[in-house]
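Peer 1: For reference, the structure I am asking about is given below.
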Amino acid sequence: MFLKTSLVFVIIGIAYLSLSPTETIVVGNDKISHFIAYSALMFNVGLLTFPKKKSFIFGILFCLLLGILIEFIQHFVPGRVMSGLDIVANSLGVFIGVIVTYLLFDRIILLLKKLKLH
């Protein structure tokens, strides 16, 4: 339940920050923000889907498509622009999220079980 709830918050956070009409929310380098957000998204999705290969691949595709879809929608939001470099940063974040999932899955799941959050 904890991972599903955190996933909802990550998706809502990404959507809110990406689709707000002004750029005043952005702190620091925009591409780094995209990279971190989509790494966190993929890691969360990975913790939910990793043991099942088909689900994990679907999760990767979901994260990649979400990044592309949000960039497309930004074209219609005042003060926002669609950016290919943002899509690259999102995709690199997903890629790193996959690697982090592979490296930390067992440890994080064990920790969540000890904390009774899984």
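The chains in the structure tokens are called A, B, ... from first to last as shown; in each chain the residues are counted from 1, and the ligands are counted from 1 in the order shown.
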Using only C-alpha atoms, determine which residues lie at most 12 Å from range 102-107 of chain A, disregarding the query and same-chain residues fewer than 5 positions distant; provide the list as a list of chain:residue names.

Peer 2: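 Counting only C-alpha atoms, the residues come to A:Met42, A:Phe43, A:Asn44, A:Val45, A:Gly46, A:Leu47, A:Leu48, A:Thr49, A:Phe50, A:Pro51, A:Lys53, A:Phe56, A:Phe95, A:Ile96, A:Gly97, A:Leu112, A:Lys113, A:Lys114.
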
Peer 1: Find the residues around range 88-92 of chain A up to 10 Å (only C-alpha atoms counted), leave out those fewer than 5 positions away in its own chain, and share them as a list in words.

Peer 2: Asp30, Lys31, Ile32, Ser33, His34, Phe35, Ile36, Ala37, Tyr38, Ser39, Leu41, Met42, Ile60, Cys63, Leu64, Leu65, Leu66, Gly67, Ile68, Glu71, Ser83, Gly97 and Val98 of chain A

Peer 1: Would you mind writing down, as a ChimeraX atom specification, each residue of chain A that DSSP on the backbone assigns to alpha helix (DSSP H)?

Peer 2: /A:2-19,30-49,53-74,84-114

Peer 1: Go ahead and compute the interatomic distance for CA of Phe76 in chain A and CA of Gly13 in chain A, in Å to one decimal.

Peer 2: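 It comes out at 18.9 Å.
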
Peer 1: Which residue out of A:Leu111, A:Ala40, A:Val77, A:Val100 has the minimum interatomic distance to Ile14 in chain A when only C-alpha atoms are used?

Peer 2: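 So, comparing all the options, the nearest one is A:Ala40.
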
Peer 1: Using CA of Ser18 in chain A and CA of Ile70 in chain A as the two end points, give the distance in Å to one decimal.

Peer 2: 7.1 Å
